[in-house]
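> Below is the file my_file32.cif, with mmCIF, C-alpha atoms.
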data_final
#
loop_
_atom_site.label_atom_id
_atom_site.label_comp_id
_atom_site.auth_asym_id
_atom_site.auth_seq_id
_atom_site.Cartn_x
_atom_site.Cartn_y
_atom_site.Cartn_z
CA MET A 1 238.46 12.03 95.79
CA VAL A 2 235.27 10.84 97.51
CA ASP A 3 232.71 13.44 98.55
CA LEU A 4 231.32 12.43 101.95
CA SER A 5 229.20 15.53 102.47
CA PRO A 6 225.40 15.13 102.74
CA THR A 7 223.71 14.48 99.40
CA PRO A 8 220.99 16.91 98.23
CA ARG A 9 218.23 14.53 99.36
CA VAL A 10 219.88 14.18 102.78
CA GLN A 11 220.03 17.96 103.07
CA ALA A 12 216.34 18.15 102.17
CA VAL A 13 215.44 15.47 104.74
CA LEU A 14 217.49 17.17 107.47
CA ALA A 15 215.70 20.45 106.80
CA ALA A 16 212.33 18.69 106.91
CA LEU A 17 213.35 16.84 110.07
CA LYS A 18 214.19 20.12 111.77
CA GLN A 19 210.68 21.37 111.05
CA PHE A 20 209.18 18.04 112.13
CA VAL A 21 211.02 18.24 115.44
CA GLU A 22 209.82 21.78 116.09
CA ARG A 23 206.20 21.20 115.04
CA GLU A 24 205.58 17.63 116.17
CA VAL A 25 208.18 16.28 118.59
CA GLU A 26 208.89 19.24 120.86
CA PRO A 27 205.18 19.82 121.64
CA LEU A 28 204.95 16.14 122.60
CA GLU A 29 208.02 16.55 124.82
CA ARG A 30 206.36 19.50 126.54
CA GLU A 31 203.21 17.43 127.01
CA LEU A 32 205.30 14.65 128.53
CA ALA A 33 206.99 17.10 130.92
CA ARG A 34 203.61 18.48 132.04
CA ARG A 35 202.15 15.03 132.66
CA LEU A 36 205.22 13.89 134.59
CA GLU A 37 205.26 17.11 136.61
CA ALA A 38 201.63 16.48 137.56
CA ARG A 39 202.81 13.19 139.04
CA GLY A 40 205.74 14.85 140.82
CA LEU A 41 208.32 13.20 138.57
CA PRO A 42 211.36 14.76 136.84
CA GLU A 43 211.45 14.78 133.05
CA ARG A 44 214.20 12.39 131.93
CA GLY A 45 213.15 11.64 128.37
CA LEU A 46 213.31 7.93 127.65
CA TRP A 47 214.58 7.24 131.18
CA ASN A 48 211.50 7.96 133.30
CA LEU A 49 210.79 4.81 135.30
CA GLU A 50 208.11 3.44 137.56
CA PRO A 51 209.04 2.31 141.11
CA ASP A 52 209.36 -1.30 139.87
CA GLY A 53 211.95 -0.28 137.26
CA THR A 54 209.66 -0.45 134.25
CA LEU A 55 209.37 2.42 131.81
CA SER A 56 206.71 4.98 132.66
CA PRO A 57 203.55 4.28 130.62
CA ILE A 58 203.38 7.99 129.83
CA VAL A 59 206.86 7.84 128.26
CA TRP A 60 205.99 4.73 126.25
CA GLU A 61 202.78 6.37 125.00
CA ILE A 62 204.60 9.52 123.85
CA LYS A 63 207.45 7.53 122.33
CA ARG A 64 205.05 5.45 120.24
CA GLU A 65 203.22 8.58 119.14
CA VAL A 66 206.50 10.08 117.92
CA ALA A 67 207.18 6.87 115.98
CA ARG A 68 203.73 6.88 114.36
CA ARG A 69 203.98 10.53 113.37
CA SER A 70 207.50 10.00 112.06
CA ALA A 71 206.33 7.03 109.98
CA ALA A 72 203.46 9.08 108.55
CA ALA A 73 205.90 11.89 107.69
CA GLY A 74 208.29 9.49 105.93
CA PHE A 75 211.24 9.54 108.34
CA TYR A 76 210.85 6.36 110.41
CA ASN A 77 211.75 3.94 107.60
CA LEU A 78 214.38 5.87 105.67
CA HIS A 79 216.84 3.01 106.23
CA LEU A 80 214.77 0.44 104.33
CA PRO A 81 214.73 0.00 100.52
CA GLU A 82 212.10 1.80 98.47
CA ASP A 83 210.64 -1.49 97.21
CA ALA A 84 209.87 -2.37 100.82
CA GLY A 85 208.17 0.97 101.45
CA GLY A 86 211.23 2.69 102.93
CA GLY A 87 213.24 5.73 101.95
CA GLY A 88 216.04 3.86 100.20
CA PHE A 89 218.78 5.74 102.06
CA SER A 90 222.28 4.31 101.95
CA ARG A 91 224.24 3.71 105.13
CA THR A 92 226.31 6.84 104.41
CA GLU A 93 223.13 8.90 104.06
CA MET A 94 221.63 7.38 107.20
CA PHE A 95 224.70 8.44 109.17
CA PHE A 96 223.68 12.10 108.87
CA VAL A 97 220.05 11.39 109.75
CA GLU A 98 221.03 9.34 112.81
CA GLU A 99 223.52 11.99 113.88
CA PHE A 100 220.75 14.61 113.73
CA ALA A 101 218.31 12.50 115.79
CA TYR A 102 220.82 11.87 118.59
CA SER A 103 222.40 15.33 118.63
CA HIS A 104 219.45 16.58 120.69
CA GLY A 105 220.35 14.52 123.75
CA LEU A 106 217.91 12.47 125.80
CA GLY A 107 214.49 13.68 124.74
CA MET A 108 212.13 12.04 122.28
CA LYS A 109 214.07 12.94 119.12
CA PRO A 110 215.79 9.52 118.83
CA ALA A 111 212.32 7.92 118.60
CA ILE A 112 211.98 9.55 115.16
CA LEU A 113 214.01 6.65 113.75
CA ALA A 114 213.29 2.93 113.93
CA TRP A 115 215.48 1.37 116.61
CA THR A 116 215.43 -2.07 118.23
CA GLU A 117 211.64 -1.98 118.41
CA GLY A 118 211.12 -1.00 114.78
CA PRO A 119 211.44 -2.55 111.30
CA ASN A 120 214.93 -3.74 110.46
CA PRO A 121 216.86 -5.03 107.41
CA MET A 122 216.63 -8.65 108.57
CA LEU A 123 212.91 -8.54 107.78
CA LEU A 124 213.61 -7.93 104.09
CA ALA A 125 213.78 -11.74 103.93
CA LEU A 126 209.99 -11.82 104.41
CA SER A 127 207.75 -12.68 101.45
CA ALA A 128 205.31 -10.15 99.99
CA GLU A 129 202.46 -11.63 102.03
CA GLN A 130 204.56 -11.66 105.19
CA ARG A 131 205.62 -8.06 104.64
CA ARG A 132 201.98 -6.98 104.47
CA ARG A 133 201.05 -8.93 107.59
CA LEU A 134 204.19 -8.67 109.74
CA LEU A 135 206.40 -5.84 108.47
CA GLU A 136 204.01 -3.07 107.51
CA PRO A 137 202.50 -2.66 111.02
CA LEU A 138 206.04 -2.15 112.33
CA MET A 139 206.75 0.36 109.58
CA ARG A 140 203.62 2.35 110.49
CA GLY A 141 204.70 2.42 114.13
CA ASP A 142 201.47 0.63 115.09
CA ARG A 143 203.38 -2.31 116.58
CA SER A 144 206.75 -2.72 118.23
CA ALA A 145 209.21 -5.60 118.16
CA ALA A 146 211.95 -7.22 120.20
CA PHE A 147 214.98 -9.09 118.88
CA ALA A 148 215.05 -12.23 121.01
CA LEU A 149 218.47 -13.83 120.62
CA THR A 150 220.37 -13.67 123.93
CA GLU A 151 219.77 -16.32 126.59
CA PRO A 152 220.95 -16.73 130.18
CA GLN A 153 223.81 -19.00 129.08
CA ALA A 154 224.45 -17.62 125.57
CA GLY A 155 225.33 -14.11 124.43
CA SER A 156 228.23 -13.58 122.04
CA ASP A 157 228.26 -17.34 121.38
CA VAL A 158 225.18 -17.30 119.15
CA LEU A 159 225.41 -21.02 118.37
CA GLY A 160 225.21 -21.72 122.11
CA ILE A 161 221.52 -20.83 122.40
CA LYS A 162 219.16 -23.54 123.70
CA THR A 163 215.71 -22.34 122.59
CA ARG A 164 214.25 -25.10 120.38
CA ALA A 165 211.68 -24.97 117.58
CA VAL A 166 210.26 -28.37 116.60
CA ARG A 167 208.18 -28.87 113.45
CA ASP A 168 204.58 -30.02 113.99
CA GLY A 169 202.77 -30.18 110.68
CA ASP A 170 202.36 -26.65 109.36
CA ASP A 171 203.41 -25.22 112.73
CA TRP A 172 206.44 -24.99 114.96
CA ILE A 173 206.46 -25.51 118.73
CA ILE A 174 208.95 -23.18 120.39
CA ARG A 175 210.30 -23.62 123.91
CA GLY A 176 213.01 -21.52 125.52
CA HIS A 177 214.06 -18.62 127.72
CA LYS A 178 215.39 -15.33 126.31
CA ALA A 179 217.21 -12.89 128.59
CA ILE A 180 218.53 -9.31 128.52
CA ILE A 181 216.13 -8.49 125.68
CA THR A 182 215.45 -4.86 124.79
CA ASN A 183 211.71 -4.07 124.61
CA ALA A 184 210.80 -7.44 126.10
CA GLN A 185 208.15 -5.82 128.29
CA TYR A 186 206.39 -3.91 125.52
CA CYS A 187 206.87 -5.75 122.23
CA ASP A 188 203.86 -6.83 120.19
CA VAL A 189 206.02 -9.35 118.33
CA ALA A 190 209.36 -10.99 119.13
CA GLN A 191 211.86 -11.99 116.46
CA VAL A 192 212.89 -15.27 118.06
CA VAL A 193 216.08 -17.08 117.06
CA ALA A 194 215.70 -20.79 117.78
CA VAL A 195 217.53 -24.07 117.11
CA THR A 196 215.74 -26.08 114.43
CA GLU A 197 218.48 -28.59 113.62
CA PRO A 198 220.76 -29.32 116.59
CA GLY A 199 224.36 -29.99 115.66
CA ALA A 200 224.12 -28.43 112.19
CA GLY A 201 226.53 -25.61 113.06
CA SER A 202 225.83 -22.44 111.09
CA ARG A 203 222.69 -24.08 109.65
CA SER A 204 221.20 -24.94 113.03
CA LEU A 205 219.20 -21.74 113.62
CA THR A 206 215.98 -20.26 112.24
CA VAL A 207 214.17 -16.96 112.95
CA PHE A 208 210.44 -16.77 113.75
CA MET A 209 208.07 -13.85 114.24
CA VAL A 210 206.22 -14.68 117.47
CA GLU A 211 203.27 -12.50 118.47
CA ALA A 212 203.11 -11.71 122.17
CA THR A 213 199.42 -12.70 122.23
CA ARG A 214 200.17 -16.36 121.46
CA PRO A 215 199.51 -18.83 124.29
CA GLY A 216 202.73 -19.71 126.08
CA PHE A 217 204.41 -16.35 125.38
CA ARG A 218 205.27 -14.94 128.78
CA ARG A 219 207.18 -11.85 129.88
CA GLY A 220 209.52 -12.24 132.84
CA ALA A 221 211.37 -9.80 135.06
CA THR A 222 212.46 -6.29 134.12
CA TYR A 223 216.23 -5.97 134.55
CA ARG A 224 217.71 -2.90 136.25
CA THR A 225 220.72 -2.39 133.98
CA ILE A 226 223.47 0.22 134.26
CA MET A 227 221.41 2.29 131.80
CA ASP A 228 218.22 1.81 133.86
CA ASP A 229 216.07 2.32 130.77
CA GLY A 230 213.12 0.21 131.91
CA LEU A 231 213.12 -1.64 128.59
CA THR A 232 215.35 -4.64 129.31
CA GLY A 233 213.79 -7.93 130.38
CA GLU A 234 213.22 -11.59 129.68
CA ILE A 235 210.82 -13.65 127.60
CA PHE A 236 209.67 -17.21 128.27
CA LEU A 237 208.39 -19.37 125.41
CA ASP A 238 206.42 -22.24 126.90
CA ASP A 239 205.57 -24.49 123.94
CA VAL A 240 204.39 -21.57 121.83
CA ARG A 241 202.73 -22.72 118.61
CA VAL A 242 203.74 -20.59 115.63
CA PRO A 243 202.68 -21.18 112.00
CA ASP A 244 205.37 -21.81 109.42
CA ALA A 245 204.01 -18.66 107.72
CA ASN A 246 205.73 -16.70 110.52
CA ARG A 247 209.17 -18.08 109.67
CA VAL A 248 211.68 -15.47 108.47
CA GLY A 249 213.73 -16.67 105.50
CA ASP A 250 214.66 -20.30 105.05
CA VAL A 251 215.00 -22.99 107.69
CA GLY A 252 218.64 -22.92 108.77
CA GLN A 253 219.16 -19.30 107.67
CA GLY A 254 218.83 -17.92 111.19
CA LEU A 255 222.51 -17.16 111.80
CA PRO A 256 223.10 -14.87 108.79
CA LEU A 257 219.71 -13.22 109.34
CA ALA A 258 220.49 -12.59 113.01
CA LEU A 259 223.85 -11.16 112.01
CA THR A 260 222.08 -8.86 109.54
CA TRP A 261 220.13 -7.40 112.47
CA ILE A 262 223.23 -7.21 114.68
CA ASN A 263 225.37 -5.59 111.99
CA TRP A 264 222.66 -3.00 111.33
CA ARG A 265 222.81 -1.96 114.98
CA ARG A 266 226.61 -1.89 114.84
CA MET A 267 226.58 0.43 111.84
CA CYS A 268 224.10 2.75 113.55
CA ARG A 269 226.68 3.38 116.28
CA GLY A 270 228.42 5.88 114.00
CA GLY A 271 225.58 8.40 113.80
CA MET A 272 224.37 7.70 117.32
CA CYS A 273 227.75 8.35 118.94
CA ALA A 274 228.49 11.32 116.67
CA GLY A 275 225.19 12.92 117.70
CA TRP A 276 225.43 12.21 121.41
CA GLY A 277 229.17 13.01 121.41
CA LYS A 278 228.50 16.43 119.85
CA PHE A 279 225.75 17.04 122.42
CA LEU A 280 228.19 16.36 125.28
CA LEU A 281 230.99 18.34 123.63
CA ASP A 282 228.79 21.42 123.15
CA ARG A 283 227.39 21.14 126.67
CA SER A 284 230.89 20.85 128.16
CA ARG A 285 232.21 23.81 126.15
CA GLU A 286 229.35 25.98 127.32
CA TYR A 287 229.77 24.89 130.95
CA ALA A 288 233.52 25.60 130.82
CA ARG A 289 232.79 29.11 129.55
CA GLN A 290 230.21 29.90 132.24
CA ARG A 291 231.41 28.06 135.34
CA GLU A 292 233.84 30.18 137.36
CA ALA A 293 236.49 29.09 139.82
CA PHE A 294 239.30 31.13 141.35
CA GLY A 295 237.91 34.28 139.77
CA ALA A 296 237.78 33.12 136.14
CA PRO A 297 235.88 30.67 133.86
CA ILE A 298 237.22 27.14 134.27
CA GLY A 299 237.68 27.08 130.49
CA ALA A 300 240.70 29.34 131.03
CA LEU A 301 242.45 26.52 132.90
CA GLN A 302 244.70 24.36 130.71
CA THR A 303 243.61 21.19 132.50
CA VAL A 304 239.99 21.83 131.56
CA GLN A 305 240.96 22.90 128.06
CA ARG A 306 242.73 19.59 127.57
CA LEU A 307 239.67 17.66 128.68
CA VAL A 308 237.47 19.47 126.15
CA VAL A 309 240.08 19.26 123.39
CA ASP A 310 240.43 15.51 123.93
CA MET A 311 236.64 15.21 123.70
CA TYR A 312 236.76 17.05 120.38
CA LEU A 313 239.60 14.89 119.06
CA ASP A 314 237.75 11.68 119.90
CA TRP A 315 234.50 12.99 118.41
CA TYR A 316 236.11 14.19 115.17
CA ALA A 317 238.20 11.05 114.68
CA ALA A 318 235.33 8.62 115.30
CA ARG A 319 232.94 10.63 113.16
CA SER A 320 235.39 10.77 110.25
CA LEU A 321 236.15 7.05 110.55
CA SER A 322 232.43 6.24 110.55
CA LEU A 323 231.71 8.21 107.40
CA ALA A 324 234.62 6.68 105.49
CA ALA A 325 233.70 3.15 106.63
CA GLN A 326 229.99 3.59 105.84
CA TRP A 327 230.88 4.67 102.31
CA GLU A 328 233.01 1.57 101.80
CA ILE A 329 230.29 -0.65 103.26
CA ASP A 330 227.73 0.83 100.87
CA ARG A 331 230.05 -0.11 98.01
CA LEU A 332 230.37 -3.71 99.29
CA GLY A 333 226.73 -4.11 100.32
CA PRO A 334 225.69 -3.71 103.98
CA TYR A 335 223.07 -6.49 104.09
CA THR A 336 224.17 -9.06 101.51
CA ILE A 337 224.21 -12.73 102.51
CA PRO A 338 226.91 -13.88 102.77
CA LEU A 339 228.44 -10.58 103.86
CA ASP A 340 231.74 -9.57 102.28
CA PRO A 341 234.60 -10.18 104.77
CA ASP A 342 235.79 -6.60 104.25
CA ALA A 343 232.33 -5.34 105.22
CA VAL A 344 232.48 -7.43 108.40
CA ARG A 345 235.81 -5.84 109.30
CA LEU A 346 234.53 -2.32 108.60
CA ILE A 347 231.29 -2.80 110.54
CA SER A 348 233.22 -3.99 113.60
CA THR A 349 235.60 -1.06 113.17
CA ILE A 350 232.68 1.38 113.31
CA LYS A 351 231.30 -0.19 116.46
CA VAL A 352 234.43 -0.56 118.55
CA ALA A 353 235.88 2.83 117.53
CA ASN A 354 232.65 4.63 118.40
CA ASP A 355 231.96 2.64 121.57
CA GLU A 356 235.32 3.49 123.03
CA ALA A 357 235.58 7.08 121.75
CA PHE A 358 232.11 7.92 123.04
CA PHE A 359 232.90 6.38 126.41
CA ARG A 360 235.98 8.61 126.72
CA ILE A 361 233.94 11.64 125.65
CA ALA A 362 231.25 10.90 128.25
CA ASP A 363 233.83 10.28 130.96
CA ARG A 364 235.51 13.63 130.29
CA ALA A 365 232.16 15.40 130.14
CA VAL A 366 231.46 14.21 133.69
CA GLN A 367 234.91 15.43 134.75
CA VAL A 368 234.39 18.88 133.20
CA HIS A 369 231.08 19.24 135.02
CA GLY A 370 232.61 18.21 138.35
CA GLY A 371 230.10 17.52 141.12
CA TRP A 372 227.19 18.56 138.91
CA GLY A 373 228.17 15.89 136.42
CA LEU A 374 227.65 13.19 139.05
CA LEU A 375 224.02 14.03 139.86
CA ARG A 376 221.27 11.65 138.75
CA ASP A 377 218.62 12.95 136.33
CA ASN A 378 221.44 14.88 134.68
CA PRO A 379 221.95 14.19 130.93
CA VAL A 380 225.75 14.14 131.36
CA GLU A 381 225.58 11.43 134.02
CA THR A 382 222.90 9.50 132.13
CA LEU A 383 224.89 9.50 128.90
CA PHE A 384 227.97 8.32 130.80
CA ARG A 385 225.99 5.24 131.84
CA VAL A 386 224.65 4.85 128.31
CA ALA A 387 228.21 5.04 126.96
CA ARG A 388 229.35 2.26 129.27
CA ASN A 389 226.36 0.16 128.27
CA LEU A 390 227.06 0.51 124.54
CA ARG A 391 230.32 -1.41 124.82
CA VAL A 392 228.44 -4.69 125.39
CA PRO A 393 225.23 -5.02 123.27
CA ALA A 394 225.42 -6.06 119.59
CA GLY A 395 228.80 -7.66 120.28
CA THR A 396 231.31 -6.65 122.92
CA ASP A 397 234.40 -4.59 122.12
CA GLU A 398 236.41 -7.79 122.46
CA ILE A 399 234.27 -9.62 119.89
CA GLN A 400 234.72 -6.69 117.48
CA ARG A 401 238.50 -6.96 117.82
CA ASN A 402 238.32 -10.68 117.08
CA LEU A 403 236.36 -9.98 113.89
CA ILE A 404 238.73 -7.20 112.84
CA ALA A 405 241.71 -9.49 113.43
CA ARG A 406 240.15 -12.12 111.13
CA GLY A 407 239.54 -9.44 108.53
CA LEU A 408 243.23 -8.57 108.70
CA GLY A 409 244.16 -12.19 108.00
CA LEU A 410 244.93 -13.15 111.59
CA GLY A 411 243.27 -16.37 112.71
CA ASP A 412 240.45 -18.22 110.97
CA ARG A 413 238.15 -16.37 108.59
#
Show me this structure written as structure tokens.


Amino acid sequence: MVDLSPTPRVQAVLAALKQFVEREVEPLERELARRLEARGLPERGLWNLEPDGTLSPIVWEIKREVARRSAAAGFYNLHLPEDAGGGGFSRTEMFFVEEFAYSHGLGMKPAILAWTEGPNPMLLALSAEQRRRLLEPLMRGDRSAAFALTEPQAGSDVLGIKTRAVRDGDDWIIRGHKAIITNAQYCDVAQVVAVTEPGAGSRSLTVFMVEATRPGFRRGATYRTIMDDGLTGEIFLDDVRVPDANRVGDVGQGLPLALTWINWRRMCRGGMCAGWGKFLLDRSREYARQREAFGAPIGALQTVQRLVVDMYLDWYAARSLSLAAQWEIDRLGPYTIPLDPDAVRLISTIKVANDEAFFRIADRAVQVHGGWGLLRDNPVETLFRVARNLRVPAGTDEIQRNLIARGLGLGDR
């Protein structure tokens, strides 16, 4: 028998996180609400936007402050190994921490943990000197990053990217156009995946840390996505000169390193969707108890009961699957290069199962709430759009099924 309950150190961290939220994060959320109210704006957590679609500077300021305080308290980098300055938590342990952060809904609690803009396992390939210079500022929350892989003509087909990096002495000259990039508008450094040896297949790509202050680094438009988060945009690299000291890993190692980043985000879906799914389930249960129609709470109607029960079934099944898969992945190694084929299959299983279960949960939550569930600036409606969004980034549901099929011995491995 395998015990998948929280370990003693996870229990201790969750208790400390609860206090941290009450003492540090919630006062910052109240400050955010006051400052937005003074401007006549609703408080929508990470989804407060300016008229041009960009994230409100007030929200960005508070979000970064949460990250800095979380880093100082020892929570922001729990997912990284101890020898890199992190907490050394396994993927199974991180599931519970991620579930806690997202179970609070749409406020600032998710900013407690490093996300796209924070330090990630791909950067463990940095040397000791590079870690001091490039990784540690991210770990302190002093800087933020963007993962610049996707291009206008290349998404799931990673080897189809066109951005080129050409060697010039001790430097590289990078030219290209990255699109649909999270944190493009705010990043201090972009982790740019570029072609260094055209035609070399899986050895054709290399990753570079490109500071946004370098000449030729240019931010483009902010995209108004279905999530409308104000964080999605484009980056232009117009002959940006980057020293070889900013290269991540070896030349030609870009594909497995990029997949390390992508797989990390896929594994995080388990805790994220468990937390947000529980938030919607609890909110829907409470609404069904209080909302009356035809002289009784709507929760007394079998049709509504079935909606809530189906939400619970999806939440419980996806959560249980995630825990079991994370435990197996820990045993195989979540970030080894090359990654065990069984780990690839399990990681894709976590992502597609949670993407689709959470989407059904969010859809039913809207249905339970009726007309109120359709209103903008409503967490139920916002999370429905988030749920639909999640089925595309870090590999579409269809790509996950292709990878699972290979892991089951169907098609090429």

> Please evaluate the PyMOL selection byres ((chain A and resi 133) around 12) against the displayed coordinates and give the resulting residues as an mmCIF file with C-alpha atoms, in the frame of the given file.


data_model
loop_
_atom_site.group_PDB
_atom_site.id
_atom_site.type_symbol
_atom_site.label_atom_id
_atom_site.label_comp_id
_atom_site.auth_asym_id
_atom_site.auth_seq_id
_atom_site.Cartn_x
_atom_site.Cartn_y
_atom_site.Cartn_z
ATOM 1 C CA LEU A 123 212.910 -8.540 107.780
ATOM 2 C CA LEU A 126 209.990 -11.820 104.410
ATOM 3 C CA SER A 127 207.750 -12.680 101.450
ATOM 4 C CA ALA A 128 205.310 -10.150 99.990
ATOM 5 C CA GLU A 129 202.460 -11.630 102.030
ATOM 6 C CA GLN A 130 204.560 -11.660 105.190
ATOM 7 C CA ARG A 131 205.620 -8.060 104.640
ATOM 8 C CA ARG A 132 201.980 -6.980 104.470
ATOM 9 C CA LEU A 134 204.190 -8.670 109.740
ATOM 10 C CA LEU A 135 206.400 -5.840 108.470
ATOM 11 C CA GLU A 136 204.010 -3.070 107.510
ATOM 12 C CA PRO A 137 202.500 -2.660 111.020
ATOM 13 C CA LEU A 138 206.040 -2.150 112.330
ATOM 14 C CA MET A 139 206.750 0.360 109.580
ATOM 15 C CA ARG A 140 203.620 2.350 110.490
ATOM 16 C CA ARG A 143 203.380 -2.310 116.580
ATOM 17 C CA VAL A 189 206.020 -9.350 118.330
ATOM 18 C CA MET A 209 208.070 -13.850 114.240
ATOM 19 C CA GLU A 211 203.270 -12.500 118.470
ATOM 20 C CA ALA A 245 204.010 -18.660 107.720
ATOM 21 C CA ASN A 246 205.730 -16.700 110.520
#

> On this structure, the PyMOL selection byres ((chain A and resi 265) around 10) would catch which residues? List them as a list of chain:residue names, sorted by chain and number.

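Listing what the PyMOL selection byres ((chain A and resi 265) around 10) selects in the shown file: A:Trp115, A:Thr116, A:Asn120, A:Leu259, A:Thr260, A:Trp261, A:Ile262, A:Asn263, A:Trp264, A:Arg266, A:Met267, A:Cys268, A:Arg269, A:Gly270, A:Ile347, A:Lys351, A:Pro393, A:Ala394, A:Gly395.
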
> Check the smallest atom-to-atom distance from each of A:Tyr287, A:Phe96, A:Phe208, A:Phe147 to Val195 in chain A using all atoms listed in the file, then report the winner.

A:Phe208

> Could you name the residues that touch range 99-108 of chain A at 8 Å or less, counting only C-alpha atoms, but leaving out those on the same chain fewer than 6 positions away, as a list in words?

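In the requested format, the answer is Leu14, Val25, Glu29, Arg44, Gly45, Leu46, Lys63, Val66, Gly270, Gly271, Met272, Cys273, Ala274, Gly275, Trp276, Gly277, Lys278, Phe279 and Pro379 of chain A.
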
> Write the selection just made, keeping C-alpha atoms, as a compact mmCIF listing (two decimals), in the frame of the given file?


# COMPACT_ATOMS: atom_id res chain seq x y z
CA LEU A 14 217.49 17.17 107.47
CA VAL A 25 208.18 16.28 118.59
CA GLU A 29 208.02 16.55 124.82
CA ARG A 44 214.20 12.39 131.93
CA GLY A 45 213.15 11.64 128.37
CA LEU A 46 213.31 7.93 127.65
CA LYS A 63 207.45 7.53 122.33
CA VAL A 66 206.50 10.08 117.92
CA GLY A 270 228.42 5.88 114.00
CA GLY A 271 225.58 8.40 113.80
CA MET A 272 224.37 7.70 117.32
CA CYS A 273 227.75 8.35 118.94
CA ALA A 274 228.49 11.32 116.67
CA GLY A 275 225.19 12.92 117.70
CA TRP A 276 225.43 12.21 121.41
CA GLY A 277 229.17 13.01 121.41
CA LYS A 278 228.50 16.43 119.85
CA PHE A 279 225.75 17.04 122.42
CA PRO A 379 221.95 14.19 130.93

> Quick one: which residues end up in the PyMOL selection byres ((chain A and resi 286) around 12) for this structure, as an MDAnalysis selection string?

chainID A and resid 279:285 287:292 297:299 308 365 368:369

> Mind running range 364-404 of chain A against range 217-234 of chain A at 7 Å and telling me each contacting residue's nearest atom pair with the distance in Å (one decimal), counting all atoms listed in the file, chain and number ascending, as CSV?


residue,atom,partner,partner_atom,distance
A:Arg385,CA,A:Met227,CA,5.4
A:Val386,CA,A:Met227,CA,5.4
A:Asn389,CA,A:Met227,CA,6.4

> Could you tell me how far CA of Ala212 in chain A sits from CA of Leu32 in chain A, in Å to one decimal place?

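Interatomic distance, CA of Leu32 in chain A to CA of Ala212 in chain A: 27.2 Å.
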
> Between A:Ser5, A:Ser204, A:Thr92, A:Thr150, which residue has the minimum interatomic distance to Ile235 in chain A, considering only C-alpha atoms?

A:Thr150

> Give me the residues within 9 Å of Leu339 in chain A as a list in words, counting all atoms listed in the file and dropping any in the same chain fewer than 5 places off.

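So, after excluding close chain neighbours, the residues are Pro256, Thr260, Leu332, Gly333, Pro334 and Val344 of chain A.
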
> Can you fill out range 346-359 of chain A with N, CA and C atoms and hand it back as a JSON list (two decimals), keeping the file's coordinate frame?


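The new file out.json reads:
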[["chain", "number", "residue", "atom", "x", "y", "z"],
["A", 346, "LEU", "N", 234.87, -3.73, 108.51],
["A", 346, "LEU", "CA", 234.53, -2.32, 108.60],
["A", 346, "LEU", "C", 233.39, -2.07, 109.59],
["A", 347, "ILE", "N", 232.41, -2.95, 109.61],
["A", 347, "ILE", "CA", 231.29, -2.80, 110.54],
["A", 347, "ILE", "C", 231.79, -2.90, 111.98],
["A", 348, "SER", "N", 232.66, -3.86, 112.25],
["A", 348, "SER", "CA", 233.22, -3.99, 113.60],
["A", 348, "SER", "C", 234.09, -2.79, 113.94],
["A", 349, "THR", "N", 234.78, -2.24, 112.94],
["A", 349, "THR", "CA", 235.60, -1.06, 113.17],
["A", 349, "THR", "C", 234.74, 0.12, 113.60],
["A", 350, "ILE", "N", 233.60, 0.30, 112.93],
["A", 350, "ILE", "CA", 232.68, 1.38, 113.31],
["A", 350, "ILE", "C", 232.24, 1.22, 114.75],
["A", 351, "LYS", "N", 231.85, 0.00, 115.12],
["A", 351, "LYS", "CA", 231.30, -0.19, 116.46],
["A", 351, "LYS", "C", 232.33, 0.02, 117.54],
["A", 352, "VAL", "N", 233.47, -0.65, 117.45],
["A", 352, "VAL", "CA", 234.43, -0.56, 118.55],
["A", 352, "VAL", "C", 235.03, 0.83, 118.63],
["A", 353, "ALA", "N", 235.31, 1.48, 117.50],
["A", 353, "ALA", "CA", 235.88, 2.83, 117.53],
["A", 353, "ALA", "C", 234.92, 3.81, 118.18],
["A", 354, "ASN", "N", 233.64, 3.71, 117.84],
["A", 354, "ASN", "CA", 232.65, 4.63, 118.40],
["A", 354, "ASN", "C", 232.32, 4.31, 119.85],
["A", 355, "ASP", "N", 232.20, 3.03, 120.18],
["A", 355, "ASP", "CA", 231.96, 2.64, 121.57],
["A", 355, "ASP", "C", 233.01, 3.26, 122.49],
["A", 356, "GLU", "N", 234.25, 3.09, 122.14],
["A", 356, "GLU", "CA", 235.32, 3.49, 123.03],
["A", 356, "GLU", "C", 235.55, 5.00, 123.00],
["A", 357, "ALA", "N", 235.44, 5.62, 121.82],
["A", 357, "ALA", "CA", 235.58, 7.08, 121.75],
["A", 357, "ALA", "C", 234.46, 7.77, 122.51],
["A", 358, "PHE", "N", 233.23, 7.29, 122.34],
["A", 358, "PHE", "CA", 232.11, 7.92, 123.04],
["A", 358, "PHE", "C", 232.22, 7.73, 124.54],
["A", 359, "PHE", "N", 232.71, 6.59, 124.98],
["A", 359, "PHE", "CA", 232.90, 6.38, 126.41],
["A", 359, "PHE", "C", 233.91, 7.38, 126.98]]
